[in-house]
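Data block below; observations after.
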Amino acid sequence: MEAALGELELVQSGVLQRVSNLEQALSISPPKTSCGGDNDTVSRLSGILRSNGVNNFLFKRVASDYYDWPLESRRDVLSAASVYHLCKSIVLVNTQAPANVVDCTHPNNSKYYVVIVQYTARFNADSVKNFLYTLNNGTIPKKKFNLRLAPEETSINLTGFEHNAVTCIGMKTNIPVILDEAIAKLDPKFFWLGGGEVDLKLGVDTSEFINFVKPFIFSCSSS
């Protein structure tokens with residue numbers, strides 16, 4: 001009996017050791033999908049949001065191939081309400097701005113804008129041109145508004161964020177923000193956008209976001 005027990009203990013010990021080795025080889029750990037302060041970006045942006053009255057927000061990490069996924073899969077991993085709640089921030093440059101308009105000093109007539117639109121929508125540059133023309137009471141010729149996607153290097157220099165990581169929170173430059181009206185009308189009022197890193201996404205309460213950022217809100221897309 002003692003011999004049999006001894007053999008059983010040896011077998012159990014061997015099995016446990018093999019399991020331990022396998023765990024180490026696979027580096028088994030639970031996936032991290034949410035974070036509340038796991039790095040400098042999250043801490044910095046969280047501090048900015050909270051200090052400006054935004055308390056209903058969430059950061060989530062995503063896989064490195066996230067942008068290869070269909071919108072339905074992105075929705076699911078973020079637990080977003082719908083694919084319409086998935087949004088992106090784009091830096092625009094006014095290529096026809098007057099020579100004296102070189103920065104973002106005057107929001108109504110800025111050299112650059114950040115526009116937030118849904119992934120399901122198509123950005124409409126003409127609507128931005130018409131809005132800015134009206135905003136300036138027609139004092140600036142409409143031909144002086146020609147909004148185009150800013151070069152990636154320009155976008156990085158202005159925002160401090162790389163492609164697929166752009167967010168209007170904590171930008172290096174205080175660029176005026178345009179929020180597509182369709183996002184403001186979403187229900188529930190909680191949408192997702194870039195979080196400052198390619199694999200980091202930010203979900204935020206729409207009303208709190210608007211109160212803080214104070215974006216221009218009008219229809220600037222088509223479905």
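Starting from 1 in every chain, residues are counted up; chains themselves are A, B, ... following the order of the structure tokens, and ligands are numbered from 1 as listed.
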When DSSP is applied to the backbone of this structure, which of chain A are assigned helix (DSSP H, G or I)? Write them out as an MDAnalysis selection string. chainID A and resid 2:26 40:51 66:68 71:78 83:85 107:109 125:135 142:144 152:159 181:184 206:213
Can you write out the residues you just picked, keeping C-alpha atoms, as a PDB file, in the first residue's frame?
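Dumped everything to selection-v7.pdb:
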```
ATOM      1  CA  GLU A   2       2.757   2.435   0.963  1.00  0.00           C
ATOM      2  CA  ALA A   3       4.572   1.666  -2.291  1.00  0.00           C
ATOM      3  CA  ALA A   4       1.413   2.356  -4.288  1.00  0.00           C
ATOM      4  CA  LEU A   5       0.871   5.648  -2.473  1.00  0.00           C
ATOM      5  CA  GLY A   6       4.453   6.598  -3.141  1.00  0.00           C
ATOM      6  CA  GLU A   7       4.039   5.945  -6.851  1.00  0.00           C
ATOM      7  CA  LEU A   8       0.793   7.958  -6.896  1.00  0.00           C
ATOM      8  CA  GLU A   9       2.503  10.928  -5.228  1.00  0.00           C
ATOM      9  CA  LEU A  10       5.278  10.781  -7.813  1.00  0.00           C
ATOM     10  CA  VAL A  11       2.735  10.750 -10.656  1.00  0.00           C
ATOM     11  CA  GLN A  12       0.826  13.674  -9.145  1.00  0.00           C
ATOM     12  CA  SER A  13       4.029  15.610  -8.639  1.00  0.00           C
ATOM     13  CA  GLY A  14       5.008  15.026 -12.229  1.00  0.00           C
ATOM     14  CA  VAL A  15       1.624  16.153 -13.524  1.00  0.00           C
ATOM     15  CA  LEU A  16       1.711  19.330 -11.441  1.00  0.00           C
ATOM     16  CA  GLN A  17       5.197  20.124 -12.666  1.00  0.00           C
ATOM     17  CA  ARG A  18       4.182  19.648 -16.294  1.00  0.00           C
ATOM     18  CA  VAL A  19       1.162  21.937 -15.791  1.00  0.00           C
ATOM     19  CA  SER A  20       3.401  24.553 -14.217  1.00  0.00           C
ATOM     20  CA  ASN A  21       5.841  24.356 -17.099  1.00  0.00           C
ATOM     21  CA  LEU A  22       3.025  24.635 -19.629  1.00  0.00           C
ATOM     22  CA  GLU A  23       1.600  27.732 -17.908  1.00  0.00           C
ATOM     23  CA  GLN A  24       5.000  29.389 -17.943  1.00  0.00           C
ATOM     24  CA  ALA A  25       5.513  28.540 -21.611  1.00  0.00           C
ATOM     25  CA  LEU A  26       2.144  29.977 -22.584  1.00  0.00           C
ATOM     26  CA  ASP A  40       0.635  57.424 -18.398  1.00  0.00           C
ATOM     27  CA  THR A  41      -1.848  58.017 -21.228  1.00  0.00           C
ATOM     28  CA  VAL A  42      -4.828  56.694 -19.270  1.00  0.00           C
ATOM     29  CA  SER A  43      -3.792  58.568 -16.130  1.00  0.00           C
ATOM     30  CA  ARG A  44      -3.216  61.845 -17.968  1.00  0.00           C
ATOM     31  CA  LEU A  45      -6.407  61.781 -20.000  1.00  0.00           C
ATOM     32  CA  SER A  46      -8.475  60.564 -17.041  1.00  0.00           C
ATOM     33  CA  GLY A  47      -7.185  63.497 -15.007  1.00  0.00           C
ATOM     34  CA  ILE A  48      -8.115  65.950 -17.763  1.00  0.00           C
ATOM     35  CA  LEU A  49     -11.606  64.482 -18.086  1.00  0.00           C
ATOM     36  CA  ARG A  50     -12.364  64.428 -14.365  1.00  0.00           C
ATOM     37  CA  SER A  51     -11.023  67.936 -13.786  1.00  0.00           C
ATOM     38  CA  TYR A  66      -8.519  45.655 -34.044  1.00  0.00           C
ATOM     39  CA  TYR A  67      -8.709  47.772 -37.199  1.00  0.00           C
ATOM     40  CA  ASP A  68      -8.795  44.637 -39.338  1.00  0.00           C
ATOM     41  CA  LEU A  71     -17.459  46.998 -37.114  1.00  0.00           C
ATOM     42  CA  GLU A  72     -19.701  44.383 -35.494  1.00  0.00           C
ATOM     43  CA  SER A  73     -16.685  42.735 -33.848  1.00  0.00           C
ATOM     44  CA  ARG A  74     -15.340  46.091 -32.662  1.00  0.00           C
ATOM     45  CA  ARG A  75     -18.760  46.873 -31.209  1.00  0.00           C
ATOM     46  CA  ASP A  76     -18.791  43.589 -29.332  1.00  0.00           C
ATOM     47  CA  VAL A  77     -15.306  43.869 -27.831  1.00  0.00           C
ATOM     48  CA  LEU A  78     -16.072  47.388 -26.587  1.00  0.00           C
ATOM     49  CA  VAL A  83     -21.864  50.146 -34.605  1.00  0.00           C
ATOM     50  CA  TYR A  84     -23.183  53.709 -34.881  1.00  0.00           C
ATOM     51  CA  HIS A  85     -21.597  54.468 -31.502  1.00  0.00           C
ATOM     52  CA  PRO A 107     -12.011  78.950 -33.722  1.00  0.00           C
ATOM     53  CA  ASN A 108     -14.470  80.449 -36.200  1.00  0.00           C
ATOM     54  CA  ASN A 109     -11.756  80.708 -38.821  1.00  0.00           C
ATOM     55  CA  ALA A 125     -16.355  68.505 -46.476  1.00  0.00           C
ATOM     56  CA  ASP A 126     -18.823  70.778 -48.236  1.00  0.00           C
ATOM     57  CA  SER A 127     -21.056  70.873 -45.176  1.00  0.00           C
ATOM     58  CA  VAL A 128     -18.114  72.133 -43.118  1.00  0.00           C
ATOM     59  CA  LYS A 129     -17.346  74.777 -45.738  1.00  0.00           C
ATOM     60  CA  ASN A 130     -20.944  75.991 -45.683  1.00  0.00           C
ATOM     61  CA  PHE A 131     -21.085  75.988 -41.889  1.00  0.00           C
ATOM     62  CA  LEU A 132     -17.895  78.033 -41.507  1.00  0.00           C
ATOM     63  CA  TYR A 133     -18.996  80.463 -44.187  1.00  0.00           C
ATOM     64  CA  THR A 134     -22.264  81.066 -42.317  1.00  0.00           C
ATOM     65  CA  LEU A 135     -20.492  81.153 -38.950  1.00  0.00           C
ATOM     66  CA  LYS A 142     -16.612  80.638 -49.401  1.00  0.00           C
ATOM     67  CA  LYS A 143     -13.671  79.737 -51.632  1.00  0.00           C
ATOM     68  CA  LYS A 144     -11.405  80.412 -48.640  1.00  0.00           C
ATOM     69  CA  GLU A 152      -0.260  62.419 -40.979  1.00  0.00           C
ATOM     70  CA  GLU A 153       2.886  64.233 -39.827  1.00  0.00           C
ATOM     71  CA  THR A 154       0.894  67.435 -39.343  1.00  0.00           C
ATOM     72  CA  SER A 155      -1.775  65.560 -37.403  1.00  0.00           C
ATOM     73  CA  ILE A 156       0.811  64.009 -35.097  1.00  0.00           C
ATOM     74  CA  ASN A 157       2.567  67.332 -34.507  1.00  0.00           C
ATOM     75  CA  LEU A 158      -0.690  69.107 -33.681  1.00  0.00           C
ATOM     76  CA  THR A 159      -2.322  66.444 -31.513  1.00  0.00           C
ATOM     77  CA  GLU A 181     -24.829  66.016 -35.212  1.00  0.00           C
ATOM     78  CA  ALA A 182     -25.640  62.329 -35.686  1.00  0.00           C
ATOM     79  CA  ILE A 183     -23.393  61.459 -32.733  1.00  0.00           C
ATOM     80  CA  ALA A 184     -25.088  63.993 -30.475  1.00  0.00           C
ATOM     81  CA  THR A 206     -22.101  62.406 -24.823  1.00  0.00           C
ATOM     82  CA  SER A 207     -23.564  65.198 -22.708  1.00  0.00           C
ATOM     83  CA  GLU A 208     -20.531  65.424 -20.431  1.00  0.00           C
ATOM     84  CA  PHE A 209     -18.241  65.382 -23.461  1.00  0.00           C
ATOM     85  CA  ILE A 210     -20.140  68.230 -25.107  1.00  0.00           C
ATOM     86  CA  ASN A 211     -20.168  70.297 -21.913  1.00  0.00           C
ATOM     87  CA  PHE A 212     -16.391  69.966 -21.634  1.00  0.00           C
ATOM     88  CA  VAL A 213     -15.192  70.144 -25.236  1.00  0.00           C
TER      89      VAL A 213
END
```
Among the residues A:Leu193, A:Val91, A:Val166, A:Ile178, the one that comes closest to Tyr119 in chain A [using only C-alpha atoms]: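 Of all the options, A:Leu193 lies closest to Tyr119 in chain A.
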Measuring between only C-alpha atoms, which one of A:Lys88, A:Lys185, A:Asp205, A:Ile217 shows the shortest distance to Arg122 in chain A?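 Among the listed residues, the smallest separation from Arg122 in chain A belongs to A:Lys88.
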Assign secondary structure with DSSP using the backbone only, and return the residues of range 59-174 of chain A in strand (DSSP E) as a list in words. Phe59, Lys60, Arg61, Cys87, Lys88, Ser89, Ile90, Val91, Leu92, Val93, Asn94, Tyr112, Tyr113, Val114, Val115, Ile116, Val117, Gln118, Arg122, Phe123, Leu147, Arg148 and Leu149 of chain A
Skipping near chain neighbours, those fewer than 2 positions away, what residues fall within 9 Å of range 93-95 of chain A using only C-alpha atoms, listed as a ChimeraX atom specification? /A:91,97,110-114,144-151
Just to confirm, what's the straight-line distance from CA of Leu92 in chain A to CA of His106 in chain A in Å (one decimal)?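 Computed distance, CA of Leu92 in chain A to CA of His106 in chain A, equals 15.1 Å.
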Considering only C-alpha atoms, state which residue in the set A:Phe218, A:Ser64, A:Phe59, A:Gly170 is at the smallest distance from Ser79 in chain A.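 Counting only C-alpha atoms, the residue closest to Ser79 in chain A is A:Phe59.
As for CA of Cys104 in chain A and CA of Gly195 in chain A, they are spaced 22.2 Å apart.
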With only C-alpha atoms as the counted atoms, please give the residues lying no more than 8 Å from Cys87 in chain A, apart from itself and same-chain residues fewer than 4 positions off, as a PyMOL selection string. chain A and resi 116-119+191-194
